[in-house]
Structure formats: C-alpha cells, structure tokens
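Content type mmCIF, C-alpha atoms, from the file model-v9.cif:
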data_run
#
loop_
_atom_site.group_PDB
_atom_site.id
_atom_site.type_symbol
_atom_site.label_atom_id
_atom_site.label_comp_id
_atom_site.auth_asym_id
_atom_site.auth_seq_id
_atom_site.Cartn_x
_atom_site.Cartn_y
_atom_site.Cartn_z
ATOM 1 C CA MET A 1002 -95.813 -44.155 111.733
ATOM 2 C CA ASN A 1003 -92.582 -43.041 110.182
ATOM 3 C CA ARG A 1004 -93.606 -44.411 106.844
ATOM 4 C CA HIS A 1005 -96.854 -42.546 107.054
ATOM 5 C CA ASN A 1006 -95.096 -39.310 107.797
ATOM 6 C CA LEU A 1007 -92.544 -39.677 104.985
ATOM 7 C CA GLU A 1008 -94.930 -40.355 102.148
ATOM 8 C CA PRO A 1009 -96.743 -36.987 102.237
ATOM 9 C CA ASP A 1010 -93.423 -35.070 102.265
ATOM 10 C CA THR A 1011 -92.037 -36.669 99.119
ATOM 11 C CA PRO A 1012 -94.020 -34.644 96.545
ATOM 12 C CA MET A 1013 -93.175 -31.370 98.276
ATOM 13 C CA LYS A 1014 -89.430 -32.050 98.168
ATOM 14 C CA SER A 1015 -89.642 -33.044 94.512
ATOM 15 C CA LYS A 1016 -91.360 -29.764 93.608
ATOM 16 C CA GLN A 1017 -88.713 -27.758 95.427
ATOM 17 C CA THR A 1018 -85.922 -29.640 93.674
ATOM 18 C CA ASN A 1019 -87.418 -28.975 90.206
ATOM 19 C CA ARG A 1020 -87.808 -25.265 90.885
ATOM 20 C CA ILE A 1021 -84.064 -24.698 91.537
ATOM 21 C CA PRO A 1022 -82.818 -25.289 87.903
ATOM 22 C CA VAL A 1023 -85.579 -23.089 86.528
ATOM 23 C CA VAL A 1024 -84.604 -20.221 88.793
ATOM 24 C CA LEU A 1025 -80.974 -20.631 87.873
ATOM 25 C CA LEU A 1026 -81.742 -20.559 84.143
ATOM 26 C CA ILE A 1027 -83.852 -17.423 84.484
ATOM 27 C CA SER A 1028 -81.120 -15.667 86.457
ATOM 28 C CA LEU A 1029 -78.460 -16.712 83.973
ATOM 29 C CA GLY A 1030 -80.567 -15.489 81.038
ATOM 30 C CA LEU A 1031 -81.163 -12.100 82.684
ATOM 31 C CA THR A 1032 -77.406 -11.773 83.146
ATOM 32 C CA LEU A 1033 -76.438 -12.753 79.567
ATOM 33 C CA ILE A 1034 -79.046 -10.690 77.693
ATOM 34 C CA PRO A 1035 -77.484 -7.268 78.470
ATOM 35 C CA ALA A 1036 -74.005 -8.579 77.602
ATOM 36 C CA MET A 1037 -75.188 -10.013 74.272
ATOM 37 C CA ALA A 1038 -77.043 -6.796 73.453
ATOM 38 C CA ALA A 1039 -73.929 -4.736 74.189
ATOM 39 C CA ALA A 1040 -71.786 -7.004 71.973
ATOM 40 C CA ALA A 1041 -74.296 -6.761 69.133
ATOM 41 C CA ALA A 1042 -74.361 -2.970 69.381
ATOM 42 C CA ASP A 1043 -70.569 -2.868 69.385
ATOM 43 C CA ASN A 1044 -70.379 -5.069 66.281
ATOM 44 C CA GLU A 1045 -72.961 -2.934 64.544
ATOM 45 C CA HIS A 1046 -70.932 0.249 64.977
ATOM 46 C CA ARG A 1047 -67.567 -1.371 64.336
ATOM 47 C CA PRO A 1048 -66.283 -0.711 60.743
ATOM 48 C CA ASN A 1049 -66.029 -3.640 58.422
ATOM 49 C CA ALA A 1050 -62.377 -4.599 58.216
ATOM 50 C CA ALA A 1051 -62.805 -5.983 54.710
ATOM 51 C CA LEU A 1052 -64.163 -2.657 53.471
ATOM 52 C CA ASN A 1053 -61.181 -0.756 54.885
ATOM 53 C CA LEU A 1054 -58.554 -2.860 53.170
ATOM 54 C CA PRO A 1055 -56.438 -0.953 50.666
ATOM 55 C CA ALA A 1056 -57.070 -1.533 46.998
ATOM 56 C CA PRO A 1057 -54.834 -4.136 45.390
ATOM 57 C CA THR A 1058 -51.631 -2.681 43.953
ATOM 58 C CA THR A 1059 -50.729 -3.304 40.322
ATOM 59 C CA ILE A 1060 -47.250 -4.810 39.982
ATOM 60 C CA ASP A 1061 -45.044 -4.180 36.961
ATOM 61 C CA PRO A 1062 -44.041 -7.658 35.715
ATOM 62 C CA ALA A 1063 -40.792 -6.315 34.247
ATOM 63 C CA THR A 1064 -39.456 -4.684 37.430
ATOM 64 C CA GLY A 1065 -41.510 -6.275 40.180
ATOM 65 C CA LEU A 1066 -42.280 -2.801 41.585
ATOM 66 C CA PRO A 1067 -45.734 -1.343 42.214
ATOM 67 C CA VAL A 1068 -47.071 0.806 39.382
ATOM 68 C CA ALA A 1069 -48.108 4.304 40.399
ATOM 69 C CA SER A 1070 -51.767 4.917 39.754
ATOM 70 C CA SER A 1071 -52.321 7.518 37.066
ATOM 71 C CA PRO A 1072 -54.837 10.358 37.493
ATOM 72 C CA PRO A 1073 -58.138 10.082 35.620
ATOM 73 C CA TRP A 1074 -57.791 11.058 31.997
ATOM 74 C CA LYS A 1075 -61.012 13.073 32.074
ATOM 75 C CA GLU A 1076 -61.970 15.530 34.787
ATOM 76 C CA LEU A 1077 -65.439 15.099 36.255
ATOM 77 C CA ASP A 1078 -66.520 18.625 35.354
ATOM 78 C CA TRP A 1079 -65.381 18.359 31.727
ATOM 79 C CA LYS A 1080 -68.324 19.409 29.560
ATOM 80 C CA ASP A 1081 -69.083 17.665 26.295
ATOM 81 C CA PRO A 1082 -70.442 19.916 23.542
ATOM 82 C CA ASP A 1083 -74.026 19.222 22.573
ATOM 83 C CA LYS A 1084 -73.067 17.556 19.338
ATOM 84 C CA VAL A 1085 -72.672 13.980 18.133
ATOM 85 C CA LEU A 1086 -70.646 13.057 15.080
ATOM 86 C CA PRO A 1087 -72.523 10.449 13.032
ATOM 87 C CA PHE A 1088 -69.292 9.205 11.400
ATOM 88 C CA PHE A 1089 -65.650 9.783 12.294
ATOM 89 C CA SER A 1090 -63.100 8.104 9.985
ATOM 90 C CA PHE A 1091 -59.368 8.594 9.308
ATOM 91 C CA ASP A 1092 -56.972 6.383 7.394
ATOM 92 C CA ALA A 1093 -53.407 6.937 8.687
ATOM 93 C CA ILE A 1094 -53.933 10.703 8.815
ATOM 94 C CA PRO A 1095 -51.446 12.878 10.769
ATOM 95 C CA ILE A 1096 -52.782 13.865 14.152
ATOM 96 C CA ASP A 1097 -52.556 17.575 13.263
ATOM 97 C CA GLN A 1098 -55.194 17.106 10.565
ATOM 98 C CA VAL A 1099 -57.372 15.074 12.922
ATOM 99 C CA VAL A 1100 -57.196 17.896 15.466
ATOM 100 C CA GLU A 1101 -58.252 20.428 12.835
ATOM 101 C CA VAL A 1102 -61.351 18.373 12.070
ATOM 102 C CA LEU A 1103 -62.188 18.093 15.776
ATOM 103 C CA ARG A 1104 -61.742 21.831 16.274
ATOM 104 C CA HIS A 1105 -64.075 22.469 13.358
ATOM 105 C CA GLU A 1106 -66.712 19.991 14.517
ATOM 106 C CA PHE A 1107 -66.476 20.827 18.237
ATOM 107 C CA ASN A 1108 -65.569 24.500 18.266
ATOM 108 C CA ALA A 1109 -66.214 24.662 22.008
ATOM 109 C CA VAL A 1110 -63.221 22.393 22.678
ATOM 110 C CA ASP A 1111 -59.641 23.678 22.753
ATOM 111 C CA VAL A 1112 -56.898 21.228 21.711
ATOM 112 C CA LEU A 1113 -53.242 21.503 22.813
ATOM 113 C CA ILE A 1114 -50.397 19.457 21.310
ATOM 114 C CA PRO A 1115 -46.768 19.965 22.432
ATOM 115 C CA ASN A 1116 -44.225 20.781 19.732
ATOM 116 C CA GLY A 1117 -41.983 17.954 20.909
ATOM 117 C CA TRP A 1118 -40.610 16.088 23.880
ATOM 118 C CA GLN A 1119 -36.960 15.627 24.857
ATOM 119 C CA GLY A 1120 -35.560 13.355 27.590
ATOM 120 C CA PRO A 1121 -34.335 12.433 30.032
ATOM 121 C CA GLY A 1122 -36.805 9.619 30.415
ATOM 122 C CA PRO A 1123 -36.948 6.732 32.899
ATOM 123 C CA ASN A 1124 -36.004 4.125 30.285
ATOM 124 C CA ASN A 1125 -33.961 6.112 27.773
ATOM 125 C CA PRO A 1126 -32.180 9.331 28.863
ATOM 126 C CA ALA A 1127 -31.517 10.395 25.260
ATOM 127 C CA MET A 1128 -35.012 9.642 23.959
ATOM 128 C CA SER A 1129 -36.984 12.281 22.068
ATOM 129 C CA PHE A 1130 -40.505 12.125 20.715
ATOM 130 C CA ASP A 1131 -42.397 14.188 18.145
ATOM 131 C CA PRO A 1132 -46.147 14.090 18.892
ATOM 132 C CA HIS A 1133 -46.895 15.514 15.457
ATOM 133 C CA SER A 1134 -45.527 12.333 13.873
ATOM 134 C CA VAL A 1135 -48.438 10.267 15.221
ATOM 135 C CA ALA A 1136 -50.872 9.011 12.585
ATOM 136 C CA ILE A 1137 -54.500 8.133 13.288
ATOM 137 C CA LYS A 1138 -56.335 5.244 11.643
ATOM 138 C CA MET A 1139 -59.807 4.685 13.037
ATOM 139 C CA GLN A 1140 -63.521 4.572 12.244
ATOM 140 C CA VAL A 1141 -66.206 5.326 14.841
ATOM 141 C CA LYS A 1142 -69.860 6.254 14.664
ATOM 142 C CA ASN A 1143 -72.176 8.449 16.720
ATOM 143 C CA VAL A 1144 -69.524 9.792 19.088
ATOM 144 C CA LYS A 1145 -69.331 12.828 21.290
ATOM 145 C CA ALA A 1146 -66.117 14.822 21.638
ATOM 146 C CA SER A 1147 -64.931 12.914 24.718
ATOM 147 C CA GLU A 1148 -65.722 9.598 23.026
ATOM 148 C CA ALA A 1149 -63.632 10.576 19.995
ATOM 149 C CA PHE A 1150 -60.619 11.385 22.193
ATOM 150 C CA HIS A 1151 -61.143 8.204 24.193
ATOM 151 C CA ALA A 1152 -61.234 6.154 20.986
ATOM 152 C CA MET A 1153 -57.840 7.629 20.041
ATOM 153 C CA ASN A 1154 -56.497 6.713 23.482
ATOM 154 C CA LEU A 1155 -57.612 3.129 22.910
ATOM 155 C CA LEU A 1156 -55.799 3.228 19.588
ATOM 156 C CA PHE A 1157 -52.629 4.605 21.247
ATOM 157 C CA GLU A 1158 -52.788 1.873 23.876
ATOM 158 C CA SER A 1159 -53.140 -0.906 21.305
ATOM 159 C CA GLU A 1160 -50.190 0.467 19.304
ATOM 160 C CA ASN A 1161 -48.090 1.262 22.410
ATOM 161 C CA THR A 1162 -47.842 4.884 21.300
ATOM 162 C CA PRO A 1163 -46.276 6.910 24.149
ATOM 163 C CA CYS A 1164 -48.968 9.569 24.412
ATOM 164 C CA ARG A 1165 -52.534 9.939 25.704
ATOM 165 C CA TRP A 1166 -55.273 12.555 25.534
ATOM 166 C CA GLU A 1167 -56.306 14.208 28.792
ATOM 167 C CA LEU A 1168 -59.529 16.194 29.072
ATOM 168 C CA LYS A 1169 -59.369 19.099 31.506
ATOM 169 C CA MET A 1170 -61.296 22.272 32.191
ATOM 170 C CA ASN A 1171 -59.357 25.470 31.519
ATOM 171 C CA GLY A 1172 -61.635 27.812 33.383
ATOM 172 C CA THR A 1173 -64.862 27.498 31.459
ATOM 173 C CA ARG A 1174 -63.271 26.050 28.310
ATOM 174 C CA PRO A 1175 -63.156 22.269 27.810
ATOM 175 C CA THR A 1176 -59.573 21.488 26.778
ATOM 176 C CA ALA A 1177 -57.926 18.365 25.338
ATOM 177 C CA ILE A 1178 -54.175 18.001 26.007
ATOM 178 C CA LEU A 1179 -51.975 15.417 24.308
ATOM 179 C CA ARG A 1180 -49.700 14.172 27.092
ATOM 180 C CA VAL A 1181 -46.421 12.374 26.340
ATOM 181 C CA LEU A 1182 -45.756 9.289 28.506
ATOM 182 C CA PRO A 1183 -41.978 8.760 28.685
ATOM 183 C CA GLU A 1184 -42.416 5.595 30.761
ATOM 184 C CA LEU A 1185 -43.713 3.890 27.607
ATOM 185 C CA PHE A 1186 -40.499 4.528 25.679
ATOM 186 C CA PRO A 1187 -38.503 1.368 24.982
ATOM 187 C CA ALA A 1188 -35.653 0.771 27.379
ATOM 188 C CA VAL A 1189 -32.101 1.217 26.195
ATOM 189 C CA ALA A 1190 -30.335 -2.063 25.587
ATOM 190 C CA PRO A 1191 -27.454 -2.474 28.039
ATOM 191 C CA PRO A 1192 -24.003 -2.203 26.497
ATOM 192 C CA PRO A 1193 -22.404 -5.538 25.637
ATOM 193 C CA PRO A 1194 -19.862 -6.822 28.125
ATOM 194 C CA PRO A 1195 -16.227 -6.164 27.265
ATOM 195 C CA PRO A 1196 -14.498 -8.993 25.433
ATOM 196 C CA PRO A 1197 -12.427 -11.302 27.633
ATOM 197 C CA THR A 1198 -8.719 -10.629 27.862
ATOM 198 C CA ALA A 1199 -5.765 -12.998 27.984
ATOM 199 C CA ARG A 1200 -2.016 -12.738 28.508
ATOM 200 C CA MET A 1201 0.678 -14.092 26.202
ATOM 201 C CA VAL A 1202 4.477 -14.054 26.542
ATOM 202 C CA TYR A 1203 6.748 -14.053 23.479
ATOM 203 C CA SER A 1204 10.493 -14.514 23.291
ATOM 204 C CA VAL A 1205 12.058 -12.026 20.865
ATOM 205 C CA GLY A 1206 15.714 -12.893 21.464
ATOM 206 C CA ASP A 1207 16.060 -14.324 17.972
ATOM 207 C CA MET A 1208 15.224 -10.883 16.565
ATOM 208 C CA ILE A 1209 17.770 -8.965 18.646
ATOM 209 C CA GLY A 1210 21.297 -8.285 17.398
ATOM 210 C CA ASP A 1211 24.100 -5.802 17.083
ATOM 211 C CA GLU A 1212 23.072 -2.439 15.714
ATOM 212 C CA LYS A 1213 26.443 -2.017 13.969
ATOM 213 C CA SER A 1214 25.802 -5.090 11.885
ATOM 214 C CA GLY A 1215 22.379 -3.759 10.896
ATOM 215 C CA GLU A 1216 20.380 -5.936 13.269
ATOM 216 C CA MET A 1217 17.523 -4.725 15.491
ATOM 217 C CA THR A 1218 18.222 -3.810 19.078
ATOM 218 C CA MET A 1219 15.763 -4.370 21.916
ATOM 219 C CA ASP A 1220 14.995 -0.651 22.158
ATOM 220 C CA LYS A 1221 14.270 -0.482 18.443
ATOM 221 C CA LEU A 1222 12.052 -3.560 18.632
ATOM 222 C CA VAL A 1223 10.102 -2.038 21.506
ATOM 223 C CA LYS A 1224 9.640 1.214 19.582
ATOM 224 C CA THR A 1225 8.615 -0.526 16.356
ATOM 225 C CA VAL A 1226 6.052 -2.879 17.914
ATOM 226 C CA SER A 1227 4.534 -0.043 20.018
ATOM 227 C CA GLU A 1228 4.205 2.282 17.009
ATOM 228 C CA VAL A 1229 2.609 -0.414 14.832
ATOM 229 C CA TYR A 1230 0.160 -1.265 17.621
ATOM 230 C CA GLN A 1231 -0.762 2.396 18.125
ATOM 231 C CA MET A 1232 -1.587 2.785 14.435
ATOM 232 C CA SER A 1233 -4.491 0.319 14.865
ATOM 233 C CA TYR A 1234 -5.526 0.355 18.525
ATOM 234 C CA GLY A 1235 -4.207 3.561 20.046
ATOM 235 C CA PRO A 1236 -1.792 3.828 22.995
ATOM 236 C CA SER A 1237 -0.283 0.514 24.027
ATOM 237 C CA LYS A 1238 -0.187 1.308 27.743
ATOM 238 C CA GLY A 1239 -1.397 -1.669 29.724
ATOM 239 C CA VAL A 1240 -1.276 -3.921 26.661
ATOM 240 C CA LEU A 1241 2.403 -4.216 25.736
ATOM 241 C CA GLN A 1242 5.187 -4.795 28.251
ATOM 242 C CA PHE A 1243 8.828 -5.558 27.551
ATOM 243 C CA HIS A 1244 11.567 -7.165 29.644
ATOM 244 C CA LYS A 1245 14.858 -6.150 28.063
ATOM 245 C CA ASP A 1246 17.150 -8.443 30.043
ATOM 246 C CA ALA A 1247 15.033 -11.535 29.393
ATOM 247 C CA GLN A 1248 14.189 -10.311 25.879
ATOM 248 C CA LEU A 1249 10.493 -10.984 26.389
ATOM 249 C CA LEU A 1250 7.354 -9.291 25.109
ATOM 250 C CA ILE A 1251 4.215 -9.611 27.300
ATOM 251 C CA VAL A 1252 0.845 -8.904 25.653
ATOM 252 C CA THR A 1253 -2.341 -8.475 27.732
ATOM 253 C CA GLY A 1254 -5.453 -7.903 25.640
ATOM 254 C CA THR A 1255 -8.263 -9.388 23.646
ATOM 255 C CA SER A 1256 -7.803 -12.232 21.208
ATOM 256 C CA ASP A 1257 -7.860 -9.725 18.344
ATOM 257 C CA GLN A 1258 -5.130 -7.606 19.931
ATOM 258 C CA ILE A 1259 -2.968 -10.648 20.685
ATOM 259 C CA ASN A 1260 -3.379 -11.920 17.139
ATOM 260 C CA PHE A 1261 -2.359 -8.498 15.798
ATOM 261 C CA VAL A 1262 0.855 -8.490 17.845
ATOM 262 C CA GLN A 1263 1.631 -12.046 16.679
ATOM 263 C CA GLN A 1264 1.275 -10.935 13.060
ATOM 264 C CA THR A 1265 3.536 -7.936 13.741
ATOM 265 C CA LEU A 1266 6.275 -10.156 15.199
ATOM 266 C CA SER A 1267 5.962 -12.590 12.291
ATOM 267 C CA ALA A 1268 6.325 -9.727 9.812
ATOM 268 C CA LEU A 1269 9.402 -8.374 11.614
ATOM 269 C CA ARG A 1270 10.995 -11.837 11.670
ATOM 270 C CA GLY A 1271 10.352 -12.232 7.943
ATOM 271 C CA LYS A 1272 11.922 -8.833 7.290
ATOM 272 C CA ALA A 1273 14.998 -9.712 9.368
ATOM 273 C CA ARG A 1274 15.491 -13.033 7.520
ATOM 274 C CA ALA A 1275 15.213 -11.320 4.173
ATOM 275 C CA GLU A 1276 17.806 -8.706 5.112
ATOM 276 C CA HIS A 1277 20.354 -11.255 6.371
ATOM 277 C CA LYS A 1278 19.901 -13.778 3.605
ATOM 278 C CA PRO A 1279 23.255 -14.230 1.791
ATOM 279 C CA GLN A 1280 23.201 -12.775 -1.707
ATOM 280 C CA PRO A 1281 24.557 -14.868 -4.650
ATOM 281 C CA LYS A 1282 28.063 -13.793 -5.772
ATOM 282 C CA ALA A 1283 28.426 -12.126 -9.172
ATOM 283 C CA ASP A 1284 30.234 -14.130 -11.913
ATOM 284 C CA GLU A 1285 33.968 -13.366 -11.977
ATOM 285 C CA PRO A 1286 35.448 -12.317 -15.395
ATOM 286 C CA LYS A 1287 37.212 -15.128 -17.263
ATOM 287 C CA ALA A 1288 40.968 -15.073 -17.838
ATOM 288 C CA LYS A 1289 42.177 -13.777 -21.145
ATOM 289 C CA GLY A 1290 43.791 -17.074 -21.982
ATOM 290 C CA GLU A 1291 40.539 -18.844 -21.541
ATOM 291 C CA GLU A 1292 38.613 -16.604 -23.850
ATOM 292 C CA THR A 1293 37.264 -18.476 -26.820
ATOM 293 C CA LYS A 1294 39.061 -17.615 -29.932
ATOM 294 C CA PRO A 1295 37.063 -17.291 -33.131
ATOM 295 C CA ARG A 1296 37.665 -20.032 -35.632
#
What do you get writing this file as structure tokens?
Amino acid sequence: MNRHNLEPDTPMKSKQTNRIPVVLLISLGLTLIPAMAAAAADNEHRPNAALNLPAPTTIDPATGLPVASSPPWKELDWKDPDKVLPFFSFDAIPIDQVVEVLRHEFNAVDVLIPNGWQGPGPNNPAMSFDPHSVAIKMQVKNVKASEAFHAMNLLFESENTPCRWELKMNGTRPTAILRVLPELFPAVAPPPPPPPTARMVYSVGDMIGDEKSGEMTMDKLVKTVSEVYQMSYGPSKGVLQFHKDAQLLIVTGTSDQINFVQQTLSALRGKARAEHKPQPKADEPKAKGEETKPR
C-alpha cells in the first residue's frame, strides 16, 4: 500500500523541484535589468576620457623644455583678394622689391616690414637683425596672395631665416606683417674656460748683493721684476709675491705668465754676470831701457 501511494506523488514533486530554478532566474533577471540599464545610461553620458586628454606637447631637443605653441600665422577672417597670379618668380631679390610687386599685384593687401630688430634675445642678448637684408629666391604658379606669403614662410623655414609672415585683419584691410623671431637666432658660444694656473718658487739670492758695490738689492729686484711684468700683463697683484728674508720669488699664474717671469730672471742674471765680469788689464808701457833701438 505504501508503494502504491508513493508512486503517484513522484511526478508532482519533480515538477515542483524544476519550477524553483526557473522562478529564481526570472527574479534575478528582473533585478539585474534595471541596474544594467542604469549603467549603460551612465556610460553613454560619461565623457570619453581619451577625447579629453591634452594634446601632446612638443619638446625642444636642445633644452628638453616644452615648446610654446605659436599662434596661427593667418587669421581666420583674413580675406584673400579675388586674384590669382599665374607665375611668381624671384631670383635672390631683396624682400623690399618682392613686397613692391605684391603691393602692385594685390593692391587690397597692406604689407608692413619693420626697419630693424635689436636684442635682447633669448639666445643672444646683443643680436640685431635687419629684415630688409632678406633675399627671396622662389618660383610658384597660380597662387593667391596668402599662398604667396605662405610660400615665402616655407622658404624662411628651410633656410632658418629668423622671420615669418603673419596675415592679420587691420579693420577691413587684409595686412601682412613680417615678424622677427628672435628665438631662431643662433646661441652665443660660451666663453672658453680660463687657462689653468700653477705656482712656482724661485730663489733669487744669487742676484742680490750690496748696493754700494753696484749689485742689485732685494727691493730693486722686486721693483724691476714687477715693472717688467706690468709692461706685458698689467698689475702684478696676485701673481708676484716676494719673501725678502728668504730671498724667494713666488709666481702664481698661467704657464705663459710663469714662462715670462722665468725669462725676466734669466735676463737679469745675464745682465748681472756681464756687469761683474773682470775686464782685461790694459798693457803697461815698456821701460825706456827696453825700447828697441833702431839699427
């Protein structure tokens, strides 16, 4: 009897067991759908981080510092005259003559060139530049006014000429301005390092003597060496030092200065030897008795 009662209940329990996972999945899906929709809406309105990244900075390879971005060379509202030059050619012509041709061909464009430029500049404080010394060598075809000025800028860039054309509106007048770029001037070469110095000590006792006998005293030696040095190198302060008791001369300077003092001492020693060299005695007159009598 128990077996009979159990067999009919088995299918019913199996159906109830299978329904539980389905219900759980439906409930879980209903819970996750709003959260996923909210996340998608949030991502849709969130700005793209990659689009908001700053533009890459140009680094100067010489200094390692970022290069400041220059303003556009041509203003957006700059108006080109309704004219196209079929041929535009110059062979190392001064820029003043080129400007005269452009003024004649495009009379609606005003051209401004500075008389000159004087430092200080970032690379050379004493640098000066004459814009009128620039020569133009170029050949272009079918160009508008802005294209002619841009072609000259390309030429300046290729030649590293420190100037560029800028096209601006002066009220209602299109204007071309030749701008000097001092940052393109060559840098001043650093001064060479000072030559190395050395110190030498010389004994001058062999040159010192009694003034009464005509020899050189220490004070006179000091005065003579200092005056000779000053004739070539200026004041001897910091270069020549004397110790009277020890009869020493101390020289602190470059190899050229030390060599000069050595030559001075050698010359003074040679002069002293020449002055104290014994002179040959004059021949004494012969006695009368020894005079040769004529035969």
Could you list the residues chosen by the PyMOL selection byres ((chain A and resi 1151) around 12) in this structure as a PDB file with C-alpha atoms, in the frame of the given file?
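Saved file expr25.pdb follows:
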ATOM      1  CA  PRO A1073     -58.138  10.082  35.620  1.00  0.00           C
ATOM      2  CA  TRP A1074     -57.791  11.058  31.997  1.00  0.00           C
ATOM      3  CA  LYS A1075     -61.012  13.073  32.074  1.00  0.00           C
ATOM      4  CA  MET A1139     -59.807   4.685  13.037  1.00  0.00           C
ATOM      5  CA  VAL A1141     -66.206   5.326  14.841  1.00  0.00           C
ATOM      6  CA  VAL A1144     -69.524   9.792  19.088  1.00  0.00           C
ATOM      7  CA  LYS A1145     -69.331  12.828  21.290  1.00  0.00           C
ATOM      8  CA  ALA A1146     -66.117  14.822  21.638  1.00  0.00           C
ATOM      9  CA  SER A1147     -64.931  12.914  24.718  1.00  0.00           C
ATOM     10  CA  GLU A1148     -65.722   9.598  23.026  1.00  0.00           C
ATOM     11  CA  ALA A1149     -63.632  10.576  19.995  1.00  0.00           C
ATOM     12  CA  PHE A1150     -60.619  11.385  22.193  1.00  0.00           C
ATOM     13  CA  ALA A1152     -61.234   6.154  20.986  1.00  0.00           C
ATOM     14  CA  MET A1153     -57.840   7.629  20.041  1.00  0.00           C
ATOM     15  CA  ASN A1154     -56.497   6.713  23.482  1.00  0.00           C
ATOM     16  CA  LEU A1155     -57.612   3.129  22.910  1.00  0.00           C
ATOM     17  CA  LEU A1156     -55.799   3.228  19.588  1.00  0.00           C
ATOM     18  CA  PHE A1157     -52.629   4.605  21.247  1.00  0.00           C
ATOM     19  CA  GLU A1158     -52.788   1.873  23.876  1.00  0.00           C
ATOM     20  CA  ARG A1165     -52.534   9.939  25.704  1.00  0.00           C
ATOM     21  CA  TRP A1166     -55.273  12.555  25.534  1.00  0.00           C
ATOM     22  CA  GLU A1167     -56.306  14.208  28.792  1.00  0.00           C
ATOM     23  CA  LEU A1168     -59.529  16.194  29.072  1.00  0.00           C
ATOM     24  CA  ALA A1177     -57.926  18.365  25.338  1.00  0.00           C
ATOM     25  CA  LEU A1179     -51.975  15.417  24.308  1.00  0.00           C
TER      26      LEU A1179
END
12 Å contact set for Leu1269 in chain A, only C-alpha atoms, chain neighbours under 5 positions out, as a list of chain:residue names: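 In the requested format, the answer is A:Val1205, A:Asp1207, A:Met1208, A:Ile1209, A:Glu1216, A:Met1217, A:Lys1221, A:Leu1222, A:Val1223, A:Thr1225, A:Val1226, A:Val1229, A:Val1262, A:Gln1263, A:Gln1264, A:Arg1274, A:Ala1275, A:Glu1276.
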Nearest to Ser1227 in chain A, chosen from A:Pro1195, A:Gly1117, A:Leu1266, A:Val1202, with only C-alpha atoms counted in the distances: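 So, comparing all the options, the nearest one is A:Leu1266.
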Atomic separation - CA of Ala1109 in chain A relative to CA of Gln1140 in chain A, Å: 22.5 Å
Point-to-point distance from CA of Pro1236 in chain A to CA of Gly1210 in chain A, Å rounded to tenths: 26.7 Å
Resolved residues for the PyMOL selection byres ((chain A and resi 1096) around 7) as a PyMOL selection string: chain A and resi 1094-1095+1097-1100+1133+1135-1137
Store the residues picked out above in a file with C-alpha atoms, as a PDB file, keeping the file's coordinate frame.
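Saved as result_32.pdb:
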ATOM      1  CA  ILE A1094     -53.933  10.703   8.815  1.00  0.00           C
ATOM      2  CA  PRO A1095     -51.446  12.878  10.769  1.00  0.00           C
ATOM      3  CA  ASP A1097     -52.556  17.575  13.263  1.00  0.00           C
ATOM      4  CA  GLN A1098     -55.194  17.106  10.565  1.00  0.00           C
ATOM      5  CA  VAL A1099     -57.372  15.074  12.922  1.00  0.00           C
ATOM      6  CA  VAL A1100     -57.196  17.896  15.466  1.00  0.00           C
ATOM      7  CA  HIS A1133     -46.895  15.514  15.457  1.00  0.00           C
ATOM      8  CA  VAL A1135     -48.438  10.267  15.221  1.00  0.00           C
ATOM      9  CA  ALA A1136     -50.872   9.011  12.585  1.00  0.00           C
ATOM     10  CA  ILE A1137     -54.500   8.133  13.288  1.00  0.00           C
TER      11      ILE A1137
END
Hits from the PyMOL selection byres ((chain A and resi 1171-1176) around 8), listed as a PyMOL selection string: chain A and resi 1079-1081+1109-1113+1168-1170+1177-1178
Residue among A:Thr1198, A:Pro1115, A:Pro1082, A:Tyr1230 lying closest to Thr1265 in chain A, counting all atoms listed in the file: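 Among A:Thr1198, A:Pro1115, A:Pro1082, A:Tyr1230, it is A:Tyr1230 that comes nearest to Thr1265 in chain A.
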Pick from A:Gly1254, A:Pro1183, A:Gly1239, A:Pro1163, whichever lies nearest to Pro1196 in chain A using only C-alpha atoms: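 Between A:Gly1254, A:Pro1183, A:Gly1239, A:Pro1163, the residue approaching Pro1196 in chain A most closely is A:Gly1254.
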